[in-house]
>>> print(open('entry-v3.txt').read())   # compact mmCIF, C-alpha atoms
# COMPACT_ATOMS: atom_id res chain seq x y z
CA MET X 182 0.00 0.00 0.00
CA ARG X 183 0.98 3.63 -0.36
CA ILE X 184 0.61 5.40 2.98
CA ALA X 185 1.06 8.98 4.14
CA ILE X 186 2.04 9.94 7.68
CA LEU X 187 0.97 13.49 8.52
CA SER X 188 3.65 14.80 10.86
CA ARG X 189 5.44 18.11 11.32
CA ASN X 190 8.68 16.44 12.41
CA PRO X 191 10.08 13.34 10.67
CA ASN X 192 12.61 12.90 13.49
CA LEU X 193 10.05 12.30 16.23
CA TYR X 194 10.20 8.76 17.62
CA SER X 195 6.58 7.94 16.75
CA THR X 196 6.92 9.23 13.19
CA ARG X 197 10.18 7.34 12.61
CA ARG X 198 8.79 4.11 14.03
CA LEU X 199 5.66 4.29 11.91
CA LYS X 200 7.71 4.84 8.77
CA GLU X 201 10.15 2.04 9.62
CA ALA X 202 7.40 -0.43 10.50
CA GLY X 203 5.47 0.32 7.32
CA GLU X 204 8.51 -0.08 5.07
CA GLN X 205 9.48 -3.31 6.82
CA ARG X 206 6.06 -4.67 5.87
CA GLY X 207 6.58 -3.71 2.23
CA HIS X 208 4.55 -0.50 2.12
CA GLU X 209 5.57 2.76 0.51
CA VAL X 210 5.44 5.36 3.30
CA ASP X 211 5.74 9.15 2.87
CA ILE X 212 6.05 11.65 5.70
CA ILE X 213 4.18 14.86 4.90
CA ASP X 214 4.36 18.10 6.87
CA THR X 215 0.73 18.89 7.66
CA LEU X 216 1.10 22.67 7.64
CA HIS X 217 2.81 22.64 4.24
CA CYS X 218 -0.18 20.94 2.62
CA TYR X 219 -2.71 23.08 0.82
CA MET X 220 -6.04 22.12 -0.61
CA ASP X 221 -7.62 22.29 -4.03
CA ILE X 222 -11.29 22.29 -3.18
CA THR X 223 -13.39 21.57 -6.26
CA SER X 224 -16.64 19.75 -6.82
CA SER X 225 -15.22 17.36 -9.39
CA LYS X 226 -11.70 16.47 -8.29
CA PRO X 227 -10.61 17.59 -4.81
CA ALA X 228 -6.88 17.26 -4.19
CA VAL X 229 -4.18 17.86 -1.62
CA ARG X 230 -1.19 19.79 -2.93
CA TYR X 231 2.31 19.77 -1.47
CA LYS X 232 5.47 21.55 -2.60
CA GLY X 233 3.83 22.80 -5.78
CA GLU X 234 2.35 19.49 -6.93
CA ALA X 235 -0.76 17.43 -6.33
CA LEU X 236 -0.04 14.53 -4.00
CA PRO X 237 -0.53 11.02 -5.41
CA LYS X 238 -3.45 8.86 -4.40
CA TYR X 239 -2.75 7.22 -1.04
CA ASP X 240 -4.43 4.09 0.22
CA ALA X 241 -4.33 5.31 3.81
CA VAL X 242 -3.21 8.23 5.93
CA ILE X 243 -1.97 8.16 9.53
CA PRO X 244 -2.58 11.59 11.11
CA ARG X 245 -0.12 12.72 13.77
CA ILE X 246 -1.83 16.05 14.39
CA GLY X 247 -0.40 18.16 17.21
CA ALA X 248 -2.85 19.92 19.51
CA SER X 249 -1.62 23.36 18.43
CA VAL X 250 -2.53 22.70 14.77
CA THR X 251 -5.79 20.82 15.29
CA PHE X 252 -7.94 23.14 13.15
CA TYR X 253 -5.73 23.11 10.06
CA GLY X 254 -4.60 19.53 10.59
CA THR X 255 -8.13 18.15 10.65
CA ALA X 256 -8.96 20.19 7.54
CA VAL X 257 -6.09 18.45 5.74
CA VAL X 258 -7.28 15.03 6.95
CA ARG X 259 -10.80 15.89 5.76
CA GLN X 260 -9.41 16.74 2.32
CA PHE X 261 -7.67 13.37 2.12
CA GLU X 262 -10.99 11.74 3.07
CA MET X 263 -12.67 13.62 0.21
CA THR X 264 -10.19 12.09 -2.24
CA GLY X 265 -11.15 8.58 -1.06
CA THR X 266 -8.11 7.97 1.13
CA TYR X 267 -8.74 5.96 4.29
CA SER X 268 -7.71 7.74 7.50
CA ILE X 269 -6.99 5.55 10.51
CA ASN X 270 -8.63 8.31 12.58
CA GLU X 271 -11.31 10.37 10.88
CA SER X 272 -11.10 14.15 10.99
CA VAL X 273 -14.32 14.55 12.97
CA ALA X 274 -13.14 12.01 15.56
CA ILE X 275 -9.85 13.87 16.03
CA SER X 276 -11.72 17.17 16.51
CA ARG X 277 -14.08 15.53 18.96
CA SER X 278 -11.27 14.09 21.11
CA ARG X 279 -9.36 17.38 21.16
CA ASP X 280 -12.31 19.17 22.74
CA LYS X 281 -11.93 18.01 26.34
CA LEU X 282 -15.37 19.18 27.38
CA ARG X 283 -17.12 17.58 24.40
CA SER X 284 -15.23 14.32 24.84
CA LEU X 285 -16.20 14.10 28.52
CA GLN X 286 -19.83 14.79 27.65
CA LEU X 287 -19.77 12.00 25.03
CA LEU X 288 -18.13 9.55 27.43
CA SER X 289 -20.68 10.48 30.10
CA ARG X 290 -23.54 9.87 27.68
CA LYS X 291 -22.18 6.38 27.01
CA GLY X 292 -22.04 5.61 30.74
CA ILE X 293 -18.24 5.33 30.83
CA GLY X 294 -16.64 5.93 34.23
CA LEU X 295 -15.30 9.47 34.75
CA PRO X 296 -14.09 11.59 37.65
CA ARG X 297 -16.86 13.96 38.68
CA THR X 298 -16.34 17.09 36.60
CA GLY X 299 -17.67 20.64 36.58
CA PHE X 300 -17.45 23.22 33.83
CA ALA X 301 -18.49 26.84 33.91
CA HIS X 302 -17.55 30.08 32.19
CA ARG X 303 -18.42 32.43 35.02
CA PRO X 304 -20.42 30.73 37.78
CA ASP X 305 -22.49 32.81 40.15
CA ASN X 306 -21.32 30.60 43.00
CA VAL X 307 -17.75 29.26 42.93
CA ASP X 308 -18.40 27.50 46.25
CA ASP X 309 -21.15 25.42 44.64
CA LEU X 310 -18.89 24.49 41.71
CA ILE X 311 -16.25 23.24 44.14
CA ARG X 312 -18.76 21.46 46.36
CA ASN X 313 -20.37 19.76 43.37
CA VAL X 314 -17.19 17.81 42.54
CA GLY X 315 -16.63 16.73 46.13
CA GLY X 316 -14.69 19.69 47.49
CA ALA X 317 -10.94 20.12 47.96
CA PRO X 318 -8.52 18.73 47.10
CA LEU X 319 -9.53 18.99 43.45
CA VAL X 320 -7.92 19.30 40.03
CA ILE X 321 -8.34 22.36 37.79
CA LYS X 322 -7.54 21.98 34.09
CA LEU X 323 -7.29 24.37 31.17
CA LEU X 324 -9.34 23.01 28.27
CA GLU X 325 -6.48 23.71 25.87
CA GLY X 326 -3.70 22.19 27.99
CA THR X 327 -1.55 19.23 26.84
CA GLN X 328 1.13 17.00 28.38
CA GLY X 329 0.13 18.07 31.88
CA ILE X 330 0.49 21.80 31.13
CA GLY X 331 -2.38 23.83 32.57
CA VAL X 332 -3.27 21.20 35.19
CA VAL X 333 -3.26 22.36 38.81
CA LEU X 334 -3.94 20.50 42.05
CA ALA X 335 -5.73 22.74 44.56
CA GLU X 336 -5.26 21.16 47.98
CA THR X 337 -7.57 23.49 49.90
CA LYS X 338 -10.88 25.18 49.21
CA LYS X 339 -9.23 28.60 49.50
CA ALA X 340 -6.58 27.66 46.94
CA ALA X 341 -9.25 26.29 44.60
CA GLU X 342 -11.24 29.52 44.80
CA SER X 343 -8.16 31.62 44.07
CA ILE X 344 -7.08 29.51 41.08
CA ILE X 345 -10.59 29.37 39.58
CA GLU X 346 -11.04 33.13 39.95
CA ALA X 347 -7.60 33.78 38.44
CA PHE X 348 -8.30 31.61 35.40
CA MET X 349 -11.71 33.20 34.94
CA GLY X 350 -10.13 36.63 35.13
CA LEU X 351 -8.11 35.61 32.08
CA ASN X 352 -11.26 34.38 30.28
CA ALA X 353 -9.81 30.86 30.24
CA ASN X 354 -12.05 27.83 29.82
CA ILE X 355 -11.47 25.41 32.68
CA LEU X 356 -12.63 22.09 34.04
CA VAL X 357 -12.91 21.48 37.77
CA GLN X 358 -12.47 17.81 38.51
CA GLU X 359 -12.61 15.42 41.43
CA TYR X 360 -9.17 14.41 42.75
CA ILE X 361 -8.79 10.63 42.90
CA LYS X 362 -6.50 10.28 45.89
CA GLU X 363 -6.42 6.48 45.85
CA ALA X 364 -4.78 6.52 42.40
CA GLY X 365 -1.59 7.58 44.19
CA GLY X 366 -0.30 9.82 41.40
CA ALA X 367 -0.47 7.00 38.86
CA ASP X 368 -2.55 6.36 35.77
CA ILE X 369 -2.73 3.70 33.08
CA ARG X 370 -2.19 4.47 29.40
CA CYS X 371 -4.01 1.96 27.21
CA LEU X 372 -3.09 1.93 23.53
CA VAL X 373 -6.16 0.94 21.52
CA VAL X 374 -5.88 -0.09 17.87
CA GLY X 375 -8.85 -1.39 15.92
CA GLY X 376 -11.07 -1.86 18.96
CA LYS X 377 -8.48 -3.82 20.98
CA VAL X 378 -6.04 -2.83 23.71
CA VAL X 379 -2.71 -3.80 22.14
CA ALA X 380 -0.46 -2.45 24.92
CA ALA X 381 -0.77 -0.85 28.34
CA MET X 382 1.59 0.80 30.79
CA LYS X 383 1.33 2.27 34.26
CA ARG X 384 2.70 5.81 34.55
CA GLN X 385 3.80 6.95 37.99
CA ALA X 386 4.29 10.61 38.85
CA ALA X 387 7.68 11.76 40.08
CA GLU X 388 8.09 12.42 43.79
CA GLY X 389 6.35 15.62 44.79
CA GLU X 390 4.33 15.68 41.54
CA PHE X 391 0.76 14.51 40.96
CA ARG X 392 0.85 14.56 37.14
CA SER X 393 2.01 11.22 35.74
CA ASN X 394 2.94 12.47 32.24
CA LEU X 395 6.30 11.14 31.07
CA HIS X 396 7.05 14.65 29.79
CA ARG X 397 6.90 15.80 33.41
CA GLY X 398 9.40 13.24 34.71
CA GLY X 399 7.01 10.36 35.35
CA SER X 400 8.13 6.74 35.03
CA ALA X 401 6.47 3.89 33.13
CA GLU X 402 6.20 0.14 33.52
CA ILE X 403 4.17 -2.67 32.01
CA VAL X 404 0.86 -3.35 33.75
CA ARG X 405 -1.75 -6.10 33.71
CA LEU X 406 -5.24 -4.79 33.04
CA SER X 407 -8.42 -6.02 34.62
CA ALA X 408 -11.32 -7.00 32.36
CA ALA X 409 -13.14 -3.83 33.45
CA GLU X 410 -10.16 -1.62 32.59
CA ARG X 411 -9.76 -3.23 29.18
CA LYS X 412 -13.47 -2.80 28.42
CA THR X 413 -13.42 0.83 29.60
CA ALA X 414 -10.54 1.66 27.24
CA VAL X 415 -12.20 -0.02 24.26
CA ASP X 416 -15.57 1.61 25.01
CA ALA X 417 -13.94 5.05 25.31
CA ALA X 418 -12.18 4.67 21.95
CA LYS X 419 -15.45 3.56 20.36
CA ALA X 420 -17.35 6.51 21.87
CA MET X 421 -14.80 8.89 20.30
CA GLY X 422 -14.87 7.06 16.95
CA LEU X 423 -11.09 6.55 17.07
CA ASN X 424 -9.41 3.47 15.59
CA MET X 425 -6.06 4.36 17.16
CA CYS X 426 -5.77 6.23 20.44
CA GLY X 427 -4.36 6.35 23.92
CA VAL X 428 -6.90 6.09 26.73
CA ASP X 429 -5.73 7.32 30.15
CA ILE X 430 -7.41 5.58 33.07
CA LEU X 431 -7.29 6.06 36.83
CA ARG X 432 -7.80 3.18 39.25
CA SER X 433 -10.37 4.34 41.79
CA ASN X 434 -12.49 2.84 44.54
CA ASN X 435 -15.40 3.06 42.09
CA GLY X 436 -13.65 1.23 39.26
CA PRO X 437 -11.73 2.53 36.25
CA LEU X 438 -12.21 6.23 35.41
CA VAL X 439 -11.24 7.77 32.06
CA MET X 440 -9.17 10.93 32.27
CA GLU X 441 -8.52 11.56 28.59
CA VAL X 442 -8.61 10.01 25.12
CA ASN X 443 -5.62 11.01 22.96
CA SER X 444 -5.98 10.72 19.17
CA SER X 445 -2.20 10.99 18.52
CA PRO X 446 -0.62 8.94 21.29
CA GLY X 447 3.16 8.79 21.49
CA LEU X 448 4.72 5.37 20.90
CA GLU X 449 8.10 5.73 22.58
CA GLY X 450 7.00 5.35 26.19
CA ILE X 451 4.65 2.45 25.64
CA GLU X 452 6.92 0.52 23.26
CA THR X 453 9.83 0.94 25.69
CA ALA X 454 7.78 -0.07 28.75
CA THR X 455 6.06 -3.07 27.15
CA GLY X 456 8.56 -4.21 24.52
CA LYS X 457 5.71 -4.48 22.02
CA ASP X 458 5.92 -3.42 18.37
CA VAL X 459 2.90 -1.14 18.46
CA ALA X 460 3.81 0.50 15.14
CA ALA X 461 3.56 -2.87 13.37
CA MET X 462 0.14 -3.44 14.94
CA VAL X 463 -1.05 -0.19 13.38
CA TYR X 464 -0.19 -1.55 9.93
CA GLN X 465 -1.77 -4.91 10.68
CA PHE X 466 -5.01 -3.03 11.33
CA LEU X 467 -4.66 -0.93 8.18
CA GLU X 468 -3.97 -4.01 6.06
CA ARG X 469 -7.11 -5.72 7.34
CA THR X 470 -9.30 -2.65 7.08
CA THR X 471 -8.29 -1.33 3.66
CA ARG X 472 -8.41 -4.72 1.97
CA ASN X 473 -12.08 -4.23 1.14
CA SER X 474 -12.43 -0.45 1.18
CA THR X 475 -10.22 2.62 1.33
CA ARG X 476 -13.06 5.00 2.09
CA THR X 477 -13.87 6.29 5.55
CA LYS X 478 -17.33 5.59 6.88
CA GLY X 479 -18.19 9.21 7.56
CA ASN X 480 -19.57 8.41 11.01
CA GLY X 481 -16.44 8.79 13.17
>>> encode(input="entry-v3.txt", output="structure tokens")
Amino acid sequence: MRIAILSRNPNLYSTRRLKEAGEQRGHEVDIIDTLHCYMDITSSKPAVRYKGEALPKYDAVIPRIGASVTFYGTAVVRQFEMTGTYSINESVAISRSRDKLRSLQLLSRKGIGLPRTGFAHRPDNVDDLIRNVGGAPLVIKLLEGTQGIGVVLAETKKAAESIIEAFMGLNANILVQEYIKEAGGADIRCLVVGGKVVAAMKRQAAEGEFRSNLHRGGSAEIVRLSAAERKTAVDAAKAMGLNMCGVDILRSNNGPLVMEVNSSPGLEGIETATGKDVAAMVYQFLERTTRNSTRTKGNG
């Protein structure tokens, strides 16, 4: 097959691994800088242009769309879809997962376990917002934050009030979320491909830190999932319409709780922790899926 990887940096671990794995399986794999694509939008023959020429017809595209370029990146993916190219994650599913509020609402509607969450632009009663998620300590998150940036633990009610009021003074959109103390600063990253959890790791926050992101100094190790955790991850991916994603889960006294669904999960941490060739599994899914059709379903 001829496959395009949409990535701004060909030297990133995930991009390199996806290219290597595809070529090892006999595919022709091109890395394309998303922001250097431009679109020829016509009713008869839509095309994606790159470096002054129309790109060839690809059988599939693997979007690695960074959060900062979501709007333009999903427009490029949508244009590929219009040309009949299969995208492992559809443009609408990527947009849906990047909107933290929308994704939590969709997960809630499907009955998937979540930490109790509040959202408000300018509440009349900050005390009620705090009380509604169980009081302090609680977690306050910027909607646009990534890799643990814009996530604050407020250990007291007074601190929570001050942080919420400060964010609102900046017209920032925030989530106020229950703090799951029993998780002990750890979460589980489940890598879902094609409706199956193909790898999972436990991420533990560094000492003195509550955020378990590897970018913030957290450590990772292989973990055995319970049946409930595996089902939660698969159900969350399905609710988002994502064929490839990372689902972050907390272990709580009330069962597994989904923190986030990431449509462009990094491969380095999970391949290192588990020893699994996740990149090859991505191509195994693409080979099965595109055998009969290279068109997206339009319902992701």
>>> residues_around(input="entry-v3.txt", residues="Val320 of chain X", least_positions_apart="2", cutoff="6 Å", atoms="all atoms listed in the file", output="list in words")
Val333, Leu334, Val357, Gln358 and Tyr360 of chain X
>>> closest_residue(input="entry-v3.txt", among="X:Val258, X:Ile344, X:Met263, X:Leu406", to="Leu319 of chain X", atoms="only C-alpha atoms")
X:Ile344
>>> residues_around(input="entry-v3.txt", residues="Lys226 of chain X", least_positions_apart="2", cutoff="12 Å", atoms="only C-alpha atoms", output="mmCIF file with C-alpha atoms, keeping the file's coordinate frame")
data_model
loop_
_atom_site.group_PDB
_atom_site.id
_atom_site.type_symbol
_atom_site.label_atom_id
_atom_site.label_comp_id
_atom_site.auth_asym_id
_atom_site.auth_seq_id
_atom_site.Cartn_x
_atom_site.Cartn_y
_atom_site.Cartn_z
ATOM 1 C CA MET X 220 -6.040 22.120 -0.610
ATOM 2 C CA ASP X 221 -7.620 22.290 -4.030
ATOM 3 C CA ILE X 222 -11.290 22.290 -3.180
ATOM 4 C CA THR X 223 -13.390 21.570 -6.260
ATOM 5 C CA SER X 224 -16.640 19.750 -6.820
ATOM 6 C CA ALA X 228 -6.880 17.260 -4.190
ATOM 7 C CA VAL X 229 -4.180 17.860 -1.620
ATOM 8 C CA ALA X 235 -0.760 17.430 -6.330
ATOM 9 C CA LYS X 238 -3.450 8.860 -4.400
ATOM 10 C CA GLN X 260 -9.410 16.740 2.320
ATOM 11 C CA PHE X 261 -7.670 13.370 2.120
ATOM 12 C CA MET X 263 -12.670 13.620 0.210
ATOM 13 C CA THR X 264 -10.190 12.090 -2.240
ATOM 14 C CA GLY X 265 -11.150 8.580 -1.060
#
>>> atom_distance(input="entry-v3.txt", atom1="atom CA of Glu452 of chain X", atom2="atom CA of Arg370 of chain X")
11.7 Å
>>> residues_around(input="entry-v3.txt", residues="Tyr239 of chain X", least_positions_apart="2", cutoff="7 Å", atoms="all atoms listed in the file", output="JSON, numbers by chain")
{"X": [183, 184, 185, 237, 241, 266]}
>>> decode(input="entry-v3.txt", residues="segment 310-391 of chain X", atoms="C-alpha atoms", output="tab-separated table (two decimals), in the first residue's frame")
chain	number	residue	atom	x	y	z
X	310	LEU	CA	-18.89	24.49	41.71
X	311	ILE	CA	-16.25	23.24	44.14
X	312	ARG	CA	-18.76	21.46	46.36
X	313	ASN	CA	-20.37	19.76	43.37
X	314	VAL	CA	-17.19	17.81	42.54
X	315	GLY	CA	-16.63	16.73	46.13
X	316	GLY	CA	-14.69	19.69	47.49
X	317	ALA	CA	-10.94	20.12	47.96
X	318	PRO	CA	-8.52	18.73	47.10
X	319	LEU	CA	-9.53	18.99	43.45
X	320	VAL	CA	-7.92	19.30	40.03
X	321	ILE	CA	-8.34	22.36	37.79
X	322	LYS	CA	-7.54	21.98	34.09
X	323	LEU	CA	-7.29	24.37	31.17
X	324	LEU	CA	-9.34	23.01	28.27
X	325	GLU	CA	-6.48	23.71	25.87
X	326	GLY	CA	-3.70	22.19	27.99
X	327	THR	CA	-1.55	19.23	26.84
X	328	GLN	CA	1.13	17.00	28.38
X	329	GLY	CA	0.13	18.07	31.88
X	330	ILE	CA	0.49	21.80	31.13
X	331	GLY	CA	-2.38	23.83	32.57
X	332	VAL	CA	-3.27	21.20	35.19
X	333	VAL	CA	-3.26	22.36	38.81
X	334	LEU	CA	-3.94	20.50	42.05
X	335	ALA	CA	-5.73	22.74	44.56
X	336	GLU	CA	-5.26	21.16	47.98
X	337	THR	CA	-7.57	23.49	49.90
X	338	LYS	CA	-10.88	25.18	49.21
X	339	LYS	CA	-9.23	28.60	49.50
X	340	ALA	CA	-6.58	27.66	46.94
X	341	ALA	CA	-9.25	26.29	44.60
X	342	GLU	CA	-11.24	29.52	44.80
X	343	SER	CA	-8.16	31.62	44.07
X	344	ILE	CA	-7.08	29.51	41.08
X	345	ILE	CA	-10.59	29.37	39.58
X	346	GLU	CA	-11.04	33.13	39.95
X	347	ALA	CA	-7.60	33.78	38.44
X	348	PHE	CA	-8.30	31.61	35.40
X	349	MET	CA	-11.71	33.20	34.94
X	350	GLY	CA	-10.13	36.63	35.13
X	351	LEU	CA	-8.11	35.61	32.08
X	352	ASN	CA	-11.26	34.38	30.28
X	353	ALA	CA	-9.81	30.86	30.24
X	354	ASN	CA	-12.05	27.83	29.82
X	355	ILE	CA	-11.47	25.41	32.68
X	356	LEU	CA	-12.63	22.09	34.04
X	357	VAL	CA	-12.91	21.48	37.77
X	358	GLN	CA	-12.47	17.81	38.51
X	359	GLU	CA	-12.61	15.42	41.43
X	360	TYR	CA	-9.17	14.41	42.75
X	361	ILE	CA	-8.79	10.63	42.90
X	362	LYS	CA	-6.50	10.28	45.89
X	363	GLU	CA	-6.42	6.48	45.85
X	364	ALA	CA	-4.78	6.52	42.40
X	365	GLY	CA	-1.59	7.58	44.19
X	366	GLY	CA	-0.30	9.82	41.40
X	367	ALA	CA	-0.47	7.00	38.86
X	368	ASP	CA	-2.55	6.36	35.77
X	369	ILE	CA	-2.73	3.70	33.08
X	370	ARG	CA	-2.19	4.47	29.40
X	371	CYS	CA	-4.01	1.96	27.21
X	372	LEU	CA	-3.09	1.93	23.53
X	373	VAL	CA	-6.16	0.94	21.52
X	374	VAL	CA	-5.88	-0.09	17.87
X	375	GLY	CA	-8.85	-1.39	15.92
X	376	GLY	CA	-11.07	-1.86	18.96
X	377	LYS	CA	-8.48	-3.82	20.98
X	378	VAL	CA	-6.04	-2.83	23.71
X	379	VAL	CA	-2.71	-3.80	22.14
X	380	ALA	CA	-0.46	-2.45	24.92
X	381	ALA	CA	-0.77	-0.85	28.34
X	382	MET	CA	1.59	0.80	30.79
X	383	LYS	CA	1.33	2.27	34.26
X	384	ARG	CA	2.70	5.81	34.55
X	385	GLN	CA	3.80	6.95	37.99
X	386	ALA	CA	4.29	10.61	38.85
X	387	ALA	CA	7.68	11.76	40.08
X	388	GLU	CA	8.09	12.42	43.79
X	389	GLY	CA	6.35	15.62	44.79
X	390	GLU	CA	4.33	15.68	41.54
X	391	PHE	CA	0.76	14.51	40.96
